[in-house]
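One file, data_8.cif, carrying mmCIF, C-alpha atoms (C1' of nucleotides):
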```cif
data_input
loop_
_atom_site.group_PDB
_atom_site.id
_atom_site.type_symbol
_atom_site.label_atom_id
_atom_site.label_comp_id
_atom_site.auth_asym_id
_atom_site.auth_seq_id
_atom_site.Cartn_x
_atom_site.Cartn_y
_atom_site.Cartn_z
ATOM 1 C CA MET A 1 -231.098 39.948 58.579
ATOM 2 C CA PRO A 2 -233.066 41.221 55.635
ATOM 3 C CA GLU A 3 -236.552 42.384 56.576
ATOM 4 C CA LEU A 4 -238.924 44.387 54.364
ATOM 5 C CA PRO A 5 -236.796 47.565 54.080
ATOM 6 C CA GLU A 6 -233.649 45.613 53.221
ATOM 7 C CA VAL A 7 -235.399 43.407 50.661
ATOM 8 C CA GLU A 8 -237.033 46.459 49.087
ATOM 9 C CA THR A 9 -233.658 48.248 48.959
ATOM 10 C CA ILE A 10 -232.183 45.206 47.210
ATOM 11 C CA ARG A 11 -235.118 45.065 44.803
ATOM 12 C CA ARG A 12 -234.677 48.709 43.829
ATOM 13 C CA ALA A 13 -230.953 48.261 43.232
ATOM 14 C CA LEU A 14 -231.625 45.191 41.094
ATOM 15 C CA VAL A 15 -234.109 47.170 38.989
ATOM 16 C CA GLN A 16 -231.217 49.513 38.170
ATOM 17 C CA GLU A 17 -228.654 46.788 37.625
ATOM 18 C CA VAL A 18 -230.235 43.712 36.056
ATOM 19 C CA LEU A 19 -233.873 44.297 35.067
ATOM 20 C CA HIS A 20 -234.463 43.463 31.351
ATOM 21 C CA ARG A 21 -231.054 41.829 31.016
ATOM 22 C CA ARG A 22 -230.764 38.344 29.546
ATOM 23 C CA LEU A 23 -229.564 35.544 31.792
ATOM 24 C CA ARG A 24 -226.634 33.901 30.004
ATOM 25 C CA ALA A 25 -225.852 31.215 32.532
ATOM 26 C CA LEU A 26 -226.599 30.068 36.025
ATOM 27 C CA GLU A 27 -224.566 28.041 38.460
ATOM 28 C CA VAL A 28 -225.902 26.435 41.623
ATOM 29 C CA ARG A 29 -223.190 25.863 44.211
ATOM 30 C CA GLU A 30 -225.453 24.761 47.049
ATOM 31 C CA ARG A 31 -228.219 22.402 46.114
ATOM 32 C CA VAL A 32 -228.942 20.727 49.408
ATOM 33 C CA HIS A 33 -230.621 23.579 51.239
ATOM 34 C CA LEU A 34 -231.158 26.309 48.656
ATOM 35 C CA LEU A 35 -233.390 24.645 46.066
ATOM 36 C CA GLN A 36 -236.777 23.986 47.654
ATOM 37 C CA ASN A 37 -238.875 22.628 44.804
ATOM 38 C CA CYS A 38 -236.613 22.061 41.802
ATOM 39 C CA THR A 39 -233.268 20.667 40.713
ATOM 40 C CA ALA A 40 -230.372 22.703 39.335
ATOM 41 C CA PRO A 41 -230.963 21.415 35.757
ATOM 42 C CA GLN A 42 -234.664 22.331 35.998
ATOM 43 C CA LEU A 43 -233.763 25.823 37.167
ATOM 44 C CA GLU A 44 -231.266 26.214 34.326
ATOM 45 C CA LYS A 45 -233.646 24.941 31.689
ATOM 46 C CA ALA A 46 -236.394 27.306 32.830
ATOM 47 C CA LEU A 47 -234.340 30.482 33.155
ATOM 48 C CA VAL A 48 -231.170 30.476 31.054
ATOM 49 C CA GLY A 49 -231.531 32.509 27.849
ATOM 50 C CA LYS A 50 -234.522 34.440 29.200
ATOM 51 C CA ARG A 51 -234.745 38.106 30.098
ATOM 52 C CA LEU A 52 -235.513 39.296 33.604
ATOM 53 C CA THR A 53 -238.912 40.820 32.869
ATOM 54 C CA ALA A 54 -240.047 41.934 36.325
ATOM 55 C CA LEU A 55 -238.731 42.335 39.866
ATOM 56 C CA ASP A 56 -241.262 42.242 42.680
ATOM 57 C CA ARG A 57 -241.275 41.859 46.427
ATOM 58 C CA ARG A 58 -243.855 40.220 48.647
ATOM 59 C CA GLY A 59 -243.122 40.494 52.354
ATOM 60 C CA LYS A 60 -239.485 39.462 52.634
ATOM 61 C CA PHE A 61 -239.588 37.451 49.383
ATOM 62 C CA LEU A 62 -237.957 38.662 46.200
ATOM 63 C CA VAL A 63 -239.682 37.632 42.987
ATOM 64 C CA LEU A 64 -237.581 37.552 39.813
ATOM 65 C CA GLU A 65 -239.758 36.973 36.765
ATOM 66 C CA PHE A 66 -238.163 35.529 33.634
ATOM 67 C CA GLY A 67 -241.152 35.566 31.303
ATOM 68 C CA PRO A 68 -243.126 32.375 31.958
ATOM 69 C CA TRP A 69 -240.977 31.306 34.905
ATOM 70 C CA ALA A 70 -240.359 33.065 38.183
ATOM 71 C CA MET A 71 -237.635 32.576 40.757
ATOM 72 C CA VAL A 72 -238.798 33.266 44.287
ATOM 73 C CA LEU A 73 -236.016 33.934 46.748
ATOM 74 C CA HIS A 74 -235.956 34.326 50.527
ATOM 75 C CA LEU A 75 -232.651 35.521 52.003
ATOM 76 C CA ARG A 76 -233.498 34.482 55.589
ATOM 77 C CA MET A 77 -230.710 35.362 58.016
ATOM 78 C CA SER A 78 -227.497 35.841 56.128
ATOM 79 C CA GLY A 79 -228.410 35.798 52.449
ATOM 80 C CA ARG A 80 -227.158 38.622 50.246
ATOM 81 C CA LEU A 81 -227.426 39.351 46.528
ATOM 82 C CA LEU A 82 -224.163 40.955 45.462
ATOM 83 C CA LEU A 83 -222.667 42.284 42.236
ATOM 84 C CA HIS A 84 -219.242 41.102 43.425
ATOM 85 C CA PRO A 85 -218.518 37.694 44.972
ATOM 86 C CA ALA A 86 -217.898 37.389 48.715
ATOM 87 C CA GLY A 87 -216.879 34.334 50.726
ATOM 88 C CA HIS A 88 -219.979 32.119 50.543
ATOM 89 C CA THR A 89 -221.326 32.026 46.997
ATOM 90 C CA ARG A 90 -224.303 29.630 46.684
ATOM 91 C CA LEU A 91 -225.688 30.704 43.305
ATOM 92 C CA VAL A 92 -224.280 32.656 40.363
ATOM 93 C CA LEU A 93 -226.621 34.460 37.961
ATOM 94 C CA ASP A 94 -224.641 35.497 34.909
ATOM 95 C CA PHE A 95 -226.570 38.274 33.170
ATOM 96 C CA GLU A 96 -225.370 40.037 30.035
ATOM 97 C CA GLY A 97 -223.113 42.766 31.400
ATOM 98 C CA ARG A 98 -223.676 41.987 35.098
ATOM 99 C CA THR A 99 -223.161 38.999 37.354
ATOM 100 C CA LEU A 100 -225.180 38.492 40.519
ATOM 101 C CA TYR A 101 -223.907 36.339 43.381
ATOM 102 C CA LEU A 102 -226.123 34.882 46.080
ATOM 103 C CA ASP A 103 -223.889 34.853 49.136
ATOM 104 C CA ASP A 104 -225.187 33.027 52.206
ATOM 105 C CA ALA A 105 -222.906 32.139 55.101
ATOM 106 C CA ARG A 106 -225.529 30.238 57.115
ATOM 107 C CA ARG A 107 -227.214 28.432 54.218
ATOM 108 C CA PHE A 108 -230.721 29.391 55.304
ATOM 109 C CA ALA A 109 -231.703 31.052 52.031
ATOM 110 C CA ALA A 110 -234.508 29.372 50.083
ATOM 111 C CA LEU A 111 -235.283 29.410 46.362
ATOM 112 C CA TYR A 112 -238.460 28.314 44.566
ATOM 113 C CA LEU A 113 -239.120 27.924 40.839
ATOM 114 C CA VAL A 114 -242.717 28.517 39.796
ATOM 115 C CA PRO A 115 -244.664 29.294 36.608
ATOM 116 C CA THR A 116 -245.306 33.056 36.649
ATOM 117 C CA ALA A 117 -249.009 32.452 36.039
ATOM 118 C CA LYS A 118 -249.176 30.437 39.243
ATOM 119 C CA LEU A 119 -246.924 32.682 41.290
ATOM 120 C CA TRP A 120 -249.440 33.515 43.986
ATOM 121 C CA GLU A 121 -250.376 29.873 44.412
ATOM 122 C CA LEU A 122 -246.867 29.109 45.632
ATOM 123 C CA ASP A 123 -247.239 28.000 49.215
ATOM 124 C CA PRO A 124 -244.998 30.468 51.055
ATOM 125 C CA LEU A 125 -246.457 33.398 49.057
ATOM 126 C CA ARG A 126 -250.046 32.254 49.222
ATOM 127 C CA ARG A 127 -250.009 32.198 52.988
ATOM 128 C CA LEU A 128 -248.519 35.667 53.511
ATOM 129 C CA GLY A 129 -250.564 38.179 55.472
ATOM 130 C CA LEU A 130 -251.209 41.907 55.144
ATOM 131 C CA GLU A 131 -248.689 43.792 53.089
ATOM 132 C CA PRO A 132 -247.774 47.290 54.351
ATOM 133 C CA PHE A 133 -247.746 49.995 51.636
ATOM 134 C CA THR A 134 -250.534 48.321 49.671
ATOM 135 C CA PRO A 135 -254.237 49.264 49.528
ATOM 136 C CA SER A 136 -255.046 46.109 51.488
ATOM 137 C CA TYR A 137 -253.286 47.582 54.519
ATOM 138 C CA THR A 138 -256.259 49.193 56.260
ATOM 139 C CA LEU A 139 -256.941 49.706 59.959
ATOM 140 C CA GLU A 140 -259.930 47.401 59.728
ATOM 141 C CA ALA A 141 -257.905 44.576 58.152
ATOM 142 C CA PHE A 142 -255.106 45.159 60.651
ATOM 143 C CA ARG A 143 -257.446 44.884 63.637
ATOM 144 C CA GLU A 144 -258.853 41.669 62.205
ATOM 145 C CA ARG A 145 -255.331 40.191 62.134
ATOM 146 C CA LEU A 146 -254.794 41.231 65.747
ATOM 147 C CA ARG A 147 -257.742 39.175 66.942
ATOM 148 C CA SER A 148 -255.694 36.762 69.011
ATOM 149 C CA ARG A 149 -254.716 36.364 72.623
ATOM 150 C CA ARG A 150 -251.114 35.804 71.601
ATOM 151 C CA GLU A 151 -248.511 38.371 72.620
ATOM 152 C CA VAL A 152 -248.617 41.255 70.182
ATOM 153 C CA LYS A 153 -244.852 41.060 69.497
ATOM 154 C CA ARG A 154 -245.069 37.429 68.446
ATOM 155 C CA LEU A 155 -248.064 38.194 66.295
ATOM 156 C CA LEU A 156 -246.167 40.933 64.452
ATOM 157 C CA LEU A 157 -243.518 38.366 63.538
ATOM 158 C CA ASP A 158 -246.113 35.944 62.173
ATOM 159 C CA GLN A 159 -245.824 36.357 58.403
ATOM 160 C CA THR A 160 -249.274 34.887 57.837
ATOM 161 C CA LYS A 161 -250.711 37.855 59.780
ATOM 162 C CA LEU A 162 -248.461 40.649 58.569
ATOM 163 C CA ALA A 163 -245.809 40.308 55.856
ATOM 164 C CA GLY A 164 -242.376 41.860 56.106
ATOM 165 C CA LEU A 165 -241.635 42.585 59.772
ATOM 166 C CA GLY A 166 -238.738 40.850 61.497
ATOM 167 C CA ASN A 167 -237.426 41.186 65.019
ATOM 168 C CA ILE A 168 -235.821 44.597 64.587
ATOM 169 C CA TYR A 169 -238.795 46.429 63.096
ATOM 170 C CA ALA A 170 -241.313 44.680 65.334
ATOM 171 C CA CYS A 171 -239.415 46.015 68.377
ATOM 172 C CA GLU A 172 -239.082 49.485 66.908
ATOM 173 C CA ALA A 173 -242.741 49.707 65.841
ATOM 174 C CA LEU A 174 -243.974 48.673 69.305
ATOM 175 C CA PHE A 175 -241.751 51.351 70.825
ATOM 176 C CA GLU A 176 -243.150 53.982 68.453
ATOM 177 C CA ALA A 177 -246.665 52.957 69.398
ATOM 178 C CA CYS A 178 -245.860 52.830 73.153
ATOM 179 C CA ILE A 179 -247.149 49.260 73.426
ATOM 180 C CA HIS A 180 -245.590 46.599 75.659
ATOM 181 C CA PRO A 181 -244.449 43.563 73.598
ATOM 182 C CA GLU A 182 -246.124 41.091 75.964
ATOM 183 C CA ARG A 183 -249.603 42.600 75.660
ATOM 184 C CA PRO A 184 -252.131 40.125 74.315
ATOM 185 C CA ALA A 185 -252.920 41.406 70.825
ATOM 186 C CA SER A 186 -256.648 41.289 71.439
ATOM 187 C CA SER A 187 -256.275 43.518 74.519
ATOM 188 C CA LEU A 188 -255.247 46.524 72.432
ATOM 189 C CA THR A 189 -257.773 49.335 72.447
ATOM 190 C CA GLN A 190 -258.958 50.843 69.188
ATOM 191 C CA GLN A 191 -256.615 53.747 69.809
ATOM 192 C CA GLU A 192 -253.617 51.513 70.543
ATOM 193 C CA ALA A 193 -254.280 49.406 67.469
ATOM 194 C CA LYS A 194 -254.421 52.571 65.409
ATOM 195 C CA ARG A 195 -251.118 53.784 66.861
ATOM 196 C CA LEU A 196 -249.452 50.484 65.979
ATOM 197 C CA PHE A 197 -251.095 50.390 62.555
ATOM 198 C CA GLU A 198 -249.615 53.814 61.809
ATOM 199 C CA ALA A 199 -246.238 53.191 63.479
ATOM 200 C CA ILE A 200 -245.404 50.133 61.343
ATOM 201 C CA PRO A 201 -245.231 51.836 57.923
ATOM 202 C CA ARG A 202 -243.638 54.888 59.543
ATOM 203 C CA VAL A 203 -240.752 52.816 60.945
ATOM 204 C CA LEU A 204 -240.388 50.866 57.698
ATOM 205 C CA GLU A 205 -240.362 54.092 55.701
ATOM 206 C CA ARG A 206 -237.616 55.587 57.858
ATOM 207 C CA ALA A 207 -235.565 52.398 57.566
ATOM 208 C CA LEU A 208 -236.037 52.416 53.806
ATOM 209 C CA ALA A 209 -234.835 56.019 53.658
ATOM 210 C CA ALA A 210 -231.694 54.945 55.556
ATOM 211 C CA GLY A 211 -231.055 52.099 53.106
ATOM 212 C CA GLY A 212 -232.068 49.465 55.677
ATOM 213 C CA THR A 213 -230.225 48.129 58.704
ATOM 214 C CA SER A 214 -226.698 46.720 58.719
ATOM 215 C CA PHE A 215 -226.646 45.645 62.363
ATOM 216 C CA ASP A 216 -225.636 42.298 60.870
ATOM 217 C CA LYS A 217 -223.843 41.610 57.564
ATOM 218 C CA TYR A 218 -226.499 43.093 55.336
ATOM 219 C CA ARG A 219 -225.256 44.899 52.233
ATOM 220 C CA THR A 220 -226.977 46.203 49.120
ATOM 221 C CA PRO A 221 -226.041 44.484 45.839
ATOM 222 C CA ARG A 222 -223.480 47.256 45.322
ATOM 223 C CA GLY A 223 -221.937 46.422 48.696
ATOM 224 C CA GLU A 224 -223.198 49.439 50.627
ATOM 225 C CA PRO A 225 -224.311 49.030 54.260
ATOM 226 C CA GLY A 226 -227.609 50.433 55.556
ATOM 227 C CA ARG A 227 -227.599 53.114 58.219
ATOM 228 C CA PHE A 228 -230.828 52.540 60.151
ATOM 229 C CA GLN A 229 -229.009 50.893 63.087
ATOM 230 C CA GLU A 230 -227.869 54.423 63.958
ATOM 231 C CA GLU A 231 -231.537 55.352 64.442
ATOM 232 C CA PHE A 232 -232.558 52.411 66.632
ATOM 233 C CA SER A 233 -234.628 53.493 69.610
ATOM 234 C CA VAL A 234 -234.603 50.166 71.465
ATOM 235 C CA TYR A 235 -233.239 47.268 69.400
ATOM 236 C CA GLY A 236 -229.923 46.008 70.794
ATOM 237 C CA ARG A 237 -229.882 48.821 73.362
ATOM 238 C CA GLU A 238 -230.471 46.963 76.623
ATOM 239 C CA GLY A 239 -229.527 49.141 79.599
ATOM 240 C CA GLU A 240 -229.205 52.325 77.543
ATOM 241 C CA PRO A 241 -231.571 55.218 78.223
ATOM 242 C CA CYS A 242 -234.917 55.338 76.449
ATOM 243 C CA PRO A 243 -234.813 58.199 73.913
ATOM 244 C CA ARG A 244 -238.312 59.230 75.036
ATOM 245 C CA CYS A 245 -238.167 59.080 78.843
ATOM 246 C CA GLY A 246 -234.604 58.134 79.819
ATOM 247 C CA ALA A 247 -235.501 54.912 81.622
ATOM 248 C CA PRO A 248 -233.149 51.991 80.893
ATOM 249 C CA ILE A 249 -234.199 49.823 77.936
ATOM 250 C CA ALA A 250 -235.129 46.279 78.974
ATOM 251 C CA ARG A 251 -234.645 42.971 77.180
ATOM 252 C CA ILE A 252 -236.872 39.916 77.492
ATOM 253 C CA VAL A 253 -237.093 36.714 75.452
ATOM 254 C CA GLN A 254 -240.340 35.882 73.658
ATOM 255 C CA GLY A 255 -240.564 32.710 71.640
ATOM 256 C CA GLY A 256 -236.792 32.404 71.736
ATOM 257 C CA ARG A 257 -236.236 35.909 70.371
ATOM 258 C CA SER A 258 -235.044 39.024 72.126
ATOM 259 C CA SER A 259 -237.535 41.822 72.616
ATOM 260 C CA PHE A 260 -236.159 45.240 73.492
ATOM 261 C CA TYR A 261 -238.527 47.807 74.959
ATOM 262 C CA CYS A 262 -238.897 50.681 77.395
ATOM 263 C CA PRO A 263 -240.630 49.419 80.558
ATOM 264 C CA GLU A 264 -241.679 52.973 81.418
ATOM 265 C CA CYS A 265 -243.322 54.206 78.254
ATOM 266 C CA GLN A 266 -244.445 50.937 76.657
ATOM 267 C CA ARG A 267 -247.547 49.727 78.494
ATOM 268 C "C1'" DC B 1 -257.979 25.255 62.607
ATOM 269 C "C1'" DT B 2 -254.338 27.621 66.089
ATOM 270 C "C1'" DA B 3 -250.157 27.872 68.739
ATOM 271 C "C1'" DA B 4 -245.751 26.375 70.632
ATOM 272 C "C1'" DG B 5 -241.277 24.232 70.201
ATOM 273 C "C1'" DC B 6 -237.526 22.414 67.599
ATOM 274 C "C1'" DG B 7 -233.950 22.163 64.007
ATOM 275 C "C1'" DC B 8 -231.544 24.082 60.508
ATOM 276 C "C1'" DC B 9 -226.492 26.713 60.071
ATOM 277 C "C1'" DT B 10 -222.270 29.251 61.004
ATOM 278 C "C1'" DG B 11 -219.917 33.729 62.439
ATOM 279 C "C1'" DC B 12 -218.996 35.926 66.325
ATOM 280 C "C1'" DA B 13 -218.719 37.170 71.258
ATOM 281 C "C1'" DT B 14 -217.663 35.484 75.529
ATOM 282 C "C1'" DG B 15 -215.373 32.749 79.147
ATOM 283 C "C1'" DC B 16 -211.807 29.879 80.948
ATOM 284 C "C1'" DT C 1 -203.322 32.441 72.655
ATOM 285 C "C1'" DG C 2 -206.418 28.762 71.889
ATOM 286 C "C1'" DC C 3 -210.329 26.265 72.481
ATOM 287 C "C1'" DA C 4 -215.160 25.390 73.904
ATOM 288 C "C1'" DT C 5 -219.619 27.147 74.461
ATOM 289 C "C1'" DG C 6 -223.697 29.404 73.260
ATOM 290 C "C1'" DC C 7 -226.219 32.900 71.051
ATOM 291 C "C1'" DA C 8 -228.423 35.106 66.975
ATOM 292 C "C1'" DG C 9 -232.239 34.775 63.725
ATOM 293 C "C1'" DG C 10 -236.749 33.296 60.053
ATOM 294 C "C1'" DC C 11 -239.385 29.862 58.944
ATOM 295 C "C1'" DG C 12 -240.951 25.034 57.906
ATOM 296 C "C1'" DC C 13 -242.015 21.115 60.160
ATOM 297 C "C1'" DT C 14 -243.950 18.437 63.895
ATOM 298 C "C1'" DT C 15 -246.745 17.969 67.776
ATOM 299 C "C1'" DA C 16 -250.597 18.979 70.923
#
```
Represent the structure of the file as structure tokens.
Amino acid sequence: MPELPEVETIRRALVQEVLHRRLRALEVRERVHLLQNCTAPQLEKALVGKRLTALDRRGKFLVLEFGPWAMVLHLRMSGRLLLHPAGHTRLVLDFEGRTLYLDDARRFAALYLVPTAKLWELDPLRRLGLEPFTPSYTLEAFRERLRSRREVKRLLLDQTKLAGLGNIYACEALFEACIHPERPASSLTQQEAKRLFEAIPRVLERALAAGGTSFDKYRTPRGEPGRFQEEFSVYGREGEPCPRCGAPIARIVQGGRSSFYCPECQR
DNA sequence: CTAAGCGCCTGCATGC
DNA sequence: TGCATGCAGGCGCTTA
């Protein structure tokens, strides 16, 4: 499940492999769910023959700019961008010298076509919240986003509050900050908010250094798995000892999603 | 406006 | 072994 570190790892690999290359052809093999705001012929007409001029990321979205047109891609649960085809190809991007395959077993991936000049007006991008690793990510802005009585874990997953965290890194960041996932966000003290504010980029940075998490089927475009699952403190570790205090890790369900935490040291 | 719940989809683990 | 069941997950949509 690609979250910020996985999407950023993909982006960096694509910079090496396909940036500045010309797109020779494009083939859509899944038009029902994938294409959100355009048809396959519209996508082809806009992009084929153009060079990939920039590769950006916003939250979990990849932005591929082809001069005046941009392709915005969200991989959701099972989407992968691969240099070699796997079993569920939904889109083929035939660049000069390299071919990129969008593989997506569960068909949740979403693609938008948008004029580059209006990129940030695109609805899913426009609504995204604070972006870690940017100057806008300040403690003050973070505390503002936490002004809600909702459970802090659920708030961390809300992309309009904070962009890029998914279930894995939300669990791991709360563990780092010693905060219980069910705490109302607005009940966090200044000190707790600061701990969480600092834990989030720290966890993401460590995951990035490990090439992301391949707990699921995630692979880089070159087919390499990430290694961060070996460093999980709590995610998927129900019943195992907490690495900090030894108490058994607990699992609860919040908003239909598993939360893993240490009931002793997360308060 | 906010927040909660559902549906989308399919590989995989589990149970009988 | 084979089949049925249900879980996993992000996010857009609908509803309150």
Chain B residues within 8 Å of chain A, counting all atoms listed in the file: which ones, as a list in words?
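Applying the cut-off to the listed atoms yields DC8, DC9 and DT10 of chain B.
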Selected residues, C-alpha atoms (C1' of nucleotides), written as a PDB file, in the frame of the given file, please.
```pdb
ATOM      1  C1'  DC B   8    -231.544  24.082  60.508  1.00  0.00           C
ATOM      2  C1'  DC B   9    -226.492  26.713  60.071  1.00  0.00           C
ATOM      3  C1'  DT B  10    -222.270  29.251  61.004  1.00  0.00           C
TER       4       DT B  10
END
```
Tell me the residues of chain C close to chain A, meaning within 12 Å using only C-alpha atoms (C1' of nucleotides), as an mmCIF file with C-alpha atoms (C1' of nucleotides), in the coordinates of the input.
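See part-v5.cif below for the written result:
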```
data_model
loop_
_atom_site.group_PDB
_atom_site.id
_atom_site.type_symbol
_atom_site.label_atom_id
_atom_site.label_comp_id
_atom_site.auth_asym_id
_atom_site.auth_seq_id
_atom_site.Cartn_x
_atom_site.Cartn_y
_atom_site.Cartn_z
ATOM 1 C "C1'" DC C 7 -226.219 32.900 71.051
ATOM 2 C "C1'" DA C 8 -228.423 35.106 66.975
ATOM 3 C "C1'" DG C 9 -232.239 34.775 63.725
ATOM 4 C "C1'" DG C 10 -236.749 33.296 60.053
ATOM 5 C "C1'" DC C 11 -239.385 29.862 58.944
ATOM 6 C "C1'" DG C 12 -240.951 25.034 57.906
#
```
Residues picked by the PyMOL selection byres ((chain B and resi 4) around 10) here, as a PyMOL selection string?
(chain A and resi 255) or (chain B and resi 2-3+5-6) or (chain C and resi 15-16)
Run the PyMOL selection byres ((chain A and resi 34) around 9) against the file shown and list the residues it catches, as a ChimeraX atom specification.
/A:28,30-33,35-36,90-91,107-112
Gap from atom CA of A:Arg147 to atom CA of A:Leu174 - Å, one decimal:
16.9 Å
Quick one: pull the distance between atom CA of A:Gly129 and atom CA of A:Ile252, Å, one decimal.
26.0 Å
